[in-house]
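Encoded as structure tokens, the structure appears first; notes follow it.
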Amino acid sequence: MFEIKNVSKQYNGEFALDNISSKLGQGLNFIVGASGSGKTTLLKIISGMEQDFDGEVYYCGKDIKKLTSNEKSYFYNNTFGFVWQDFNLLEDLSVLENVLLPQYLKNKQNQKNANKILKELKIFDLAHRKVNSLSGGQKQRVAIARELMKNPKVIIADEPTSALDEKNSETTMDILKAISKNRTVIVVTHDVNLIDNDSNVIDLDEGEFVSLPQNNVTKTEKLTYSESHRLSIKNAFTMTKSNVKSKFGRFFVSALSLMIAGILLLTTVNGTVESSSQGDFDELIDTYGDGLKDISIVSSFTSAGGVGDNQEEKPNADVSQDIDGLYDKYVGDKRVDFTAFLQAFDNIKVKVSGKEYQIQGSGTVPTINKLVAGKMPTGKDNEVVVPESFVKSMGISNEQAIGKQIDFSSGIFNWDTGEPVLKDASITAIIVGVADNTISSEFTVDDSFFFSKAALHDLRRQAGIENEAMNFLIRAKTPTDMISIKDELNEQGIVPLGQFELVEDIVRLNEQTTEQSGSASMFIGILAVVMVIAISLITGFMRKREFAIYKVSGFNNAHFSLLNLTEKITEIMTAILLMLVTSPLINIATKSLFNASILNSKMLISGVLFIALVGVAAYVSTAIAFIMTKTTTALKTGDK
Ligand SMILES: Nc1ncnc2c1ncn2[C@@H]1O[C@H](COP(=O)(O)OP(=O)(O)OP(=O)(O)O)[C@@H](O)[C@H]1O
């Protein structure tokens with residue numbers, strides 16, 4: 001039972017309702033009056049949709065003004081049913097799906113009850129028809145059926161017959177009359193012909209009573225909170241399935257936008273930056289070999305026309321520098337791939353398992369293109385990395401060579417006097433690695449043996465060399481690392497040797513393109529996220545009416561959050577699937593647009609993560625659209 005006490009409502013200083021007091025109870029109640037007399041305003045106040053008014057309204061002793069949004073959603077799902085002038089059905093769903101809508105918040109859908117109600121209202125045969133194919137009269141019966149599924153104590157009907165012809169109006173009123181036998185039915189209408197003598201009537205004119213209610217309401221209902229009021233994950237997925245089926249185009253556009261945004265983020269954040277550097281460097285390495293990243297550190301060399309950054313023409317000069325201690329400094333450096341001593345040997349003889357091998361001399365310092373097996377010597381024991389050509393001459397594989405012991409003897413030039421003096425030296429060492437010694441992709445330096453620090457010390461000691469500092473090379477991990485080590489050495493007054501000019505240009509160019517593509521990436525990335533947010537907000541606001549129907553069916557923000565989550569999970573999964581299926585095609589596009597290939601597991605996993613990330617943005621945007629939906633503005637009320 002409703003008690004209305006001194007209710008007033010003003011819009012812009014004008015009274016829509018002026019000090020109304022009344023009681024409404026079980027049976028048929030009419031609120032009548034001319035257009036603009038305040039009928040709809042009173043209805044909104046009674047139902048709790050409008051809580052900003054003067055005075056008080058109680059339903060079974062419960063202050064309607066103080067209903068929280070959760071209490072309201074409980075009332076809308078269990079206690080109040082709404083019948084509208086333009087039905088407010090979900091037009092793309094079937095009759096049954098519409099009728100079951102409030103039931104999704106119950107633990108069990110009462111399909112039997114749905115069938116019974118559909119039969120009573122003579123629309124059982126239409127159960128699987130889409131609502132948009134029905135006539136107005138049929139739609140109104142579907143709407144009433146949906147509300148009866150709530151088994152509500154109150155039915156609030158706003159101009160329920162004004163969109164119907166005479167016959168359908170009569171049928172609808174007959175149904176409402178039948179329902180009112182054990183319920184409170186409140187009908188707002190401007191059509192006084194609908195009123196019979198048994199009904200309770202509130203007649204309004206310009207917000208005031210014209211006539212007071214004729215019937216005194218005596219019977220009171222008890223307010224009960226028995227039903228559960230939650231959306232299960234299963235029901236959320238069932239609703240999602242219906243929504244996807246009924247609005248496949250909308251769903252597909254959302255999923256597609258997630259996929260496109262994910263790919264854009266992927267190629268800009270992950271792809272371009274990496275590939276712009278990698279492409280250029282790979283080309284250089286193809287031409288020059290891995291030795292391009294070598295830095296040679298030698299204690300003396302002859303400089304051609306100036307040293308360091310000084311590019312002026314100068315006569316050749318002998319440069320001596322103190323490189324003592326530098327080897328140990330760079331051995332464990334994280335920018336360094338490996339280090340190797342550059343000791344030249346003359347007339348090398350190697351004995352393995354009793355067999356002697358003569359190694360062809362090259363007259364140059366040892367060279368390494370890359371290590372093809374094992375590791376570089378650590379420096380602690382007598383270890384050696386041997387040339388691949390030597391392993392071949394032994395007739396074994398590179399892997400089989402590892403661990404073999406060799407007896408190595410050769411001549412070593414001693415320059416201590418300023419003149420080269422050839423001295424003999426020999427050592428027994430274990431093979432720890434095999435190196436490819438190709439230079440300029442044509443020649444191999446077959447006498448390139450790289451010894452550990454301990455072994456080389458021993459050999460040099462035998463040759464009578466007193467100078468402790470041994471020439472060595474550093475193989476930098478990346479061209480950027482190479483330049484950073486070179487700069488560091490220069491600061492210490494050391495002039496290293498290497499292809500610095502070539503690499504430096506590429507590094508600089510790369511830094512520039514990285515910076516440029518970085519800002520382009522940022523722009524495209526932001527654009528991708530904005531696109532998803534915009535599409536989600538637009539679709540969200542296009543669904544305003546649908547959201548309002550959810551709300552008057554009892555869905556609160558928590559219920560919708562779960563439905564939103566299941567919808568977004570479905571969209572994200574579809575977007576991921578789309579990406580995987582179309583990845584070869586996308587790859588062609590991203591390669592030509594961003595020079596980035598997405599066809600590898602790292603990129604695809606990142607793609608999945610980015611799609612999920614933009615999915616979160618879409619989730620939040622849709623949630624905002626739902627929260628901002630006001631039922632009173634989203635649903636048409638009154639006589640329009
Ligand atoms: N949101 C609003 N903002 C400003 N004025 C409003 C608003 N809603 C209603 N009004 C005004 O309040 C008065 C009562 O409106 P209400 O819709 O309650 O009348 P009604 O009797 O239901 O009319 P109708 O039969 O045409 O639907 C009218 O003058 C109307 O213009």
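Ligands are numbered from 1 in the order shown, chains are lettered A, B, ... in the order of the structure tokens, and residues start at 1 in each chain.
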- Item | All residues having an atom within 6 Å of ligand 1 (only C-alpha atoms and all ligand atoms) as number ranges by chain | A: 11, 16, 34-41, 638-639
Just N, CA and C atoms for this one: save the residues we selected as a PDB file, in the first residue's frame.
```pdb
ATOM      1  N   TYR A  11       9.343  22.107 -11.134  1.00  0.00           N
ATOM      2  CA  TYR A  11      10.349  22.170 -12.200  1.00  0.00           C
ATOM      3  C   TYR A  11      10.532  23.639 -12.538  1.00  0.00           C
ATOM      4  N   ALA A  16       4.712  21.064 -10.575  1.00  0.00           N
ATOM      5  CA  ALA A  16       4.150  19.967 -11.367  1.00  0.00           C
ATOM      6  C   ALA A  16       3.159  19.218 -10.489  1.00  0.00           C
ATOM      7  N   ALA A  34      -5.601  16.131 -17.266  1.00  0.00           N
ATOM      8  CA  ALA A  34      -5.239  16.626 -18.590  1.00  0.00           C
ATOM      9  C   ALA A  34      -3.734  16.544 -18.785  1.00  0.00           C
ATOM     10  N   SER A  35      -3.340  16.731 -20.013  1.00  0.00           N
ATOM     11  CA  SER A  35      -1.905  16.722 -20.313  1.00  0.00           C
ATOM     12  C   SER A  35      -1.206  17.822 -19.512  1.00  0.00           C
ATOM     13  N   GLY A  36      -0.106  17.473 -18.892  1.00  0.00           N
ATOM     14  CA  GLY A  36       0.656  18.457 -18.125  1.00  0.00           C
ATOM     15  C   GLY A  36       0.156  18.629 -16.704  1.00  0.00           C
ATOM     16  N   SER A  37      -0.807  17.777 -16.287  1.00  0.00           N
ATOM     17  CA  SER A  37      -1.371  17.949 -14.947  1.00  0.00           C
ATOM     18  C   SER A  37      -0.516  17.299 -13.857  1.00  0.00           C
ATOM     19  N   GLY A  38       0.508  16.564 -14.241  1.00  0.00           N
ATOM     20  CA  GLY A  38       1.434  16.019 -13.247  1.00  0.00           C
ATOM     21  C   GLY A  38       1.289  14.524 -13.010  1.00  0.00           C
ATOM     22  N   LYS A  39       0.546  13.820 -13.884  1.00  0.00           N
ATOM     23  CA  LYS A  39       0.293  12.379 -13.700  1.00  0.00           C
ATOM     24  C   LYS A  39       1.604  11.584 -13.703  1.00  0.00           C
ATOM     25  N   THR A  40       2.409  11.804 -14.761  1.00  0.00           N
ATOM     26  CA  THR A  40       3.660  11.045 -14.898  1.00  0.00           C
ATOM     27  C   THR A  40       4.623  11.391 -13.771  1.00  0.00           C
ATOM     28  N   THR A  41       4.609  12.662 -13.385  1.00  0.00           N
ATOM     29  CA  THR A  41       5.487  13.084 -12.286  1.00  0.00           C
ATOM     30  C   THR A  41       5.140  12.301 -11.020  1.00  0.00           C
ATOM     31  N   GLY A 638       4.787   9.182 -20.003  1.00  0.00           N
ATOM     32  CA  GLY A 638       3.673  10.113 -20.194  1.00  0.00           C
ATOM     33  C   GLY A 638       3.029   9.946 -21.553  1.00  0.00           C
ATOM     34  N   ASP A 639       2.101  10.803 -21.841  1.00  0.00           N
ATOM     35  CA  ASP A 639       1.364  10.723 -23.104  1.00  0.00           C
ATOM     36  C   ASP A 639       2.074  11.567 -24.146  1.00  0.00           C
TER      37      ASP A 639
END
```
- Would you mind listing what lies within 10 Å of A:Gln358 as a list in words, with only C-alpha atoms counted and same-chain residues fewer than 6 positions away left out?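 Contacts, with the query itself left out: Asn347, Ile348, Lys349, Val350, Lys351, Phe390 and Asp447 of chain A.
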- Item | Contacts of A:Val57 at 7 Å (only C-alpha atoms; same-chain gap of 3+ positions) as a ChimeraX atom specification | /A:2-5,46,63-65
Take the residues that were just selected and, keeping C-alpha atoms, output them as a PDB file, in the first residue's frame.
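Final output, out-v9.pdb:
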```pdb
ATOM      1  CA  PHE A   2       1.191   3.478  -0.886  1.00  0.00           C
ATOM      2  CA  GLU A   3       0.804   6.494   1.370  1.00  0.00           C
ATOM      3  CA  ILE A   4       1.390   9.818  -0.331  1.00  0.00           C
ATOM      4  CA  LYS A   5       1.853  12.676   2.138  1.00  0.00           C
ATOM      5  CA  ILE A  46       5.665   6.635  -6.382  1.00  0.00           C
ATOM      6  CA  ASP A  63      10.151   5.496   2.750  1.00  0.00           C
ATOM      7  CA  ILE A  64      10.445   5.518  -1.058  1.00  0.00           C
ATOM      8  CA  LYS A  65      12.575   8.647  -0.972  1.00  0.00           C
TER       9      LYS A  65
END
```
- Query: stretch 231-247 of chain A: which residues within 12 Å, counting only C-alpha atoms, same-chain residues fewer than 2 positions away excluded, as a VMD selection string?
  - Reply: chain A and resid 77 90 to 94 96 to 98 100 to 109 130 to 132 228 to 229 249 to 255 539 543 546 550 554 to 571 574
- Task: Apply DSSP to the structure's backbone, then extract all residues of stretch 299-468 of chain A labelled strand (DSSP E or B) and return them as a ChimeraX atom specification.
- Result: /A:300-303,317-320,336-341,346-352,355-358,370-374,383-387,405-414,421-436,438-439,443-444,450-451
- Message: Report, in Å with one decimal, the straight-line distance from atom CA of A:Lys551 to atom CA of A:Phe626.
- Response: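 It comes out at 9.2 Å.
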- Between atom CA of A:Ala143 and atom CA of A:Asn88, what is the distance, to one decimal in Å? 7.4 Å
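Proximity to A:Val432 at 9 Å, evaluated using only C-alpha atoms and with sequence-adjacent residues fewer than 4 positions away removed, yields Ala373, Gly374, Lys375, Met376, Pro377, Glu383, Val384, Val385, Val386, Ala401, Ile402, Gly403 and Lys404 of chain A.
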Write the residues of the selection above to a file with C-alpha atoms, as a compact mmCIF listing (two decimals), in the first residue's frame.
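This is the output file result.txt:
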```txt
# COMPACT_ATOMS: atom_id res chain seq x y z
CA ALA A 373 81.08 -24.43 -31.04
CA GLY A 374 81.99 -24.33 -27.34
CA LYS A 375 82.97 -21.11 -25.59
CA MET A 376 85.77 -18.59 -25.45
CA PRO A 377 88.62 -19.37 -22.99
CA GLU A 383 92.49 -23.35 -22.82
CA VAL A 384 92.29 -22.62 -26.52
CA VAL A 385 89.80 -21.87 -29.26
CA VAL A 386 90.92 -23.44 -32.52
CA ALA A 401 86.91 -31.39 -31.00
CA ILE A 402 85.79 -29.83 -27.70
CA GLY A 403 87.66 -31.29 -24.75
CA LYS A 404 90.55 -32.63 -26.85
```
- Task: Between atom CA of A:Phe281 and atom CA of A:Asp505, measure the distance and give it in Å to one decimal.
- Result: 11.1 Å
- Tell me, as a PyMOL selection string, which residues lie within 9 Å of stretch 282-295 of chain A, counting only C-alpha atoms; anything in the same chain fewer than 5 positions away does not count. chain A and resi 277+367-370+438-441+472-479+481-482+485-486+496-500+503
Please produce an output containing N, CA and C atoms for each residue in the selection, written as a JSON list (two decimals), in the first residue's frame.
```json
[["chain", "number", "residue", "atom", "x", "y", "z"],
["A", 277, "SER", "N", 65.85, -0.54, -36.03],
["A", 277, "SER", "CA", 67.26, -0.70, -35.76],
["A", 277, "SER", "C", 67.75, -2.03, -36.33],
["A", 367, "THR", "N", 91.99, -13.83, -36.36],
["A", 367, "THR", "CA", 90.69, -13.19, -36.62],
["A", 367, "THR", "C", 89.58, -14.15, -36.24],
["A", 368, "ILE", "N", 88.50, -13.60, -35.74],
["A", 368, "ILE", "CA", 87.34, -14.47, -35.45],
["A", 368, "ILE", "C", 86.09, -13.83, -36.05],
["A", 369, "ASN", "N", 85.39, -14.62, -36.87],
["A", 369, "ASN", "CA", 84.09, -14.15, -37.36],
["A", 369, "ASN", "C", 83.04, -14.48, -36.32],
["A", 370, "LYS", "N", 82.92, -15.76, -36.01],
["A", 370, "LYS", "CA", 82.06, -16.14, -34.88],
["A", 370, "LYS", "C", 82.45, -17.49, -34.33],
["A", 438, "THR", "N", 86.47, -16.60, -40.96],
["A", 438, "THR", "CA", 86.31, -15.96, -42.27],
["A", 438, "THR", "C", 86.38, -14.45, -42.12],
["A", 439, "ILE", "N", 87.10, -13.80, -43.04],
["A", 439, "ILE", "CA", 87.04, -12.34, -43.08],
["A", 439, "ILE", "C", 86.55, -11.91, -44.46],
["A", 440, "SER", "N", 85.81, -10.85, -44.47],
["A", 440, "SER", "CA", 85.24, -10.29, -45.71],
["A", 440, "SER", "C", 84.55, -11.37, -46.55],
["A", 441, "SER", "N", 83.90, -12.28, -45.92],
["A", 441, "SER", "CA", 83.14, -13.40, -46.49],
["A", 441, "SER", "C", 83.89, -14.22, -47.55],
["A", 472, "PHE", "N", 94.23, -7.30, -27.28],
["A", 472, "PHE", "CA", 93.01, -8.12, -27.30],
["A", 472, "PHE", "C", 91.89, -7.41, -28.04],
["A", 473, "LEU", "N", 90.87, -8.22, -28.33],
["A", 473, "LEU", "CA", 89.70, -7.58, -28.95],
["A", 473, "LEU", "C", 88.47, -7.80, -28.09],
["A", 474, "ILE", "N", 87.59, -6.83, -28.20],
["A", 474, "ILE", "CA", 86.30, -6.93, -27.50],
["A", 474, "ILE", "C", 85.24, -7.06, -28.59],
["A", 475, "ARG", "N", 84.41, -8.10, -28.51],
["A", 475, "ARG", "CA", 83.26, -8.18, -29.43],
["A", 475, "ARG", "C", 82.06, -7.62, -28.67],
["A", 476, "ALA", "N", 81.59, -6.44, -29.09],
["A", 476, "ALA", "CA", 80.45, -5.82, -28.41],
["A", 476, "ALA", "C", 79.17, -6.57, -28.77],
["A", 477, "LYS", "N", 78.20, -6.52, -27.85],
["A", 477, "LYS", "CA", 76.93, -7.23, -28.12],
["A", 477, "LYS", "C", 76.14, -6.53, -29.21],
["A", 478, "THR", "N", 76.06, -5.20, -29.12],
["A", 478, "THR", "CA", 75.29, -4.45, -30.13],
["A", 478, "THR", "C", 76.14, -3.28, -30.62],
["A", 479, "PRO", "N", 75.79, -2.72, -31.76],
["A", 479, "PRO", "CA", 76.52, -1.55, -32.24],
["A", 479, "PRO", "C", 76.48, -0.41, -31.23],
["A", 481, "ASP", "N", 76.38, -0.73, -28.00],
["A", 481, "ASP", "CA", 77.36, -1.10, -26.96],
["A", 481, "ASP", "C", 78.77, -0.79, -27.45],
["A", 482, "MET", "N", 79.00, -1.06, -28.75],
["A", 482, "MET", "CA", 80.34, -0.84, -29.31],
["A", 482, "MET", "C", 80.73, 0.63, -29.19],
["A", 485, "ILE", "N", 81.43, 1.63, -25.54],
["A", 485, "ILE", "CA", 82.75, 1.19, -25.05],
["A", 485, "ILE", "C", 83.85, 2.05, -25.67],
["A", 486, "LYS", "N", 83.70, 2.35, -26.95],
["A", 486, "LYS", "CA", 84.71, 3.18, -27.63],
["A", 486, "LYS", "C", 84.82, 4.55, -26.95],
["A", 496, "PRO", "N", 91.07, 2.88, -29.35],
["A", 496, "PRO", "CA", 90.81, 1.53, -29.83],
["A", 496, "PRO", "C", 90.71, 1.53, -31.35],
["A", 497, "LEU", "N", 90.81, 0.36, -31.97],
["A", 497, "LEU", "CA", 90.70, 0.27, -33.43],
["A", 497, "LEU", "C", 89.42, -0.48, -33.78],
["A", 498, "GLY", "N", 88.76, -0.04, -34.84],
["A", 498, "GLY", "CA", 87.51, -0.71, -35.25],
["A", 498, "GLY", "C", 86.77, 0.12, -36.29],
["A", 499, "GLN", "N", 85.66, -0.41, -36.76],
["A", 499, "GLN", "CA", 84.87, 0.26, -37.81],
["A", 499, "GLN", "C", 83.91, 1.28, -37.19],
["A", 500, "PHE", "N", 84.45, 2.17, -36.39],
["A", 500, "PHE", "CA", 83.57, 3.04, -35.59],
["A", 500, "PHE", "C", 82.75, 4.01, -36.43],
["A", 503, "VAL", "N", 79.69, 2.31, -37.96],
["A", 503, "VAL", "CA", 78.69, 1.90, -36.97],
["A", 503, "VAL", "C", 78.07, 3.13, -36.30]]
```
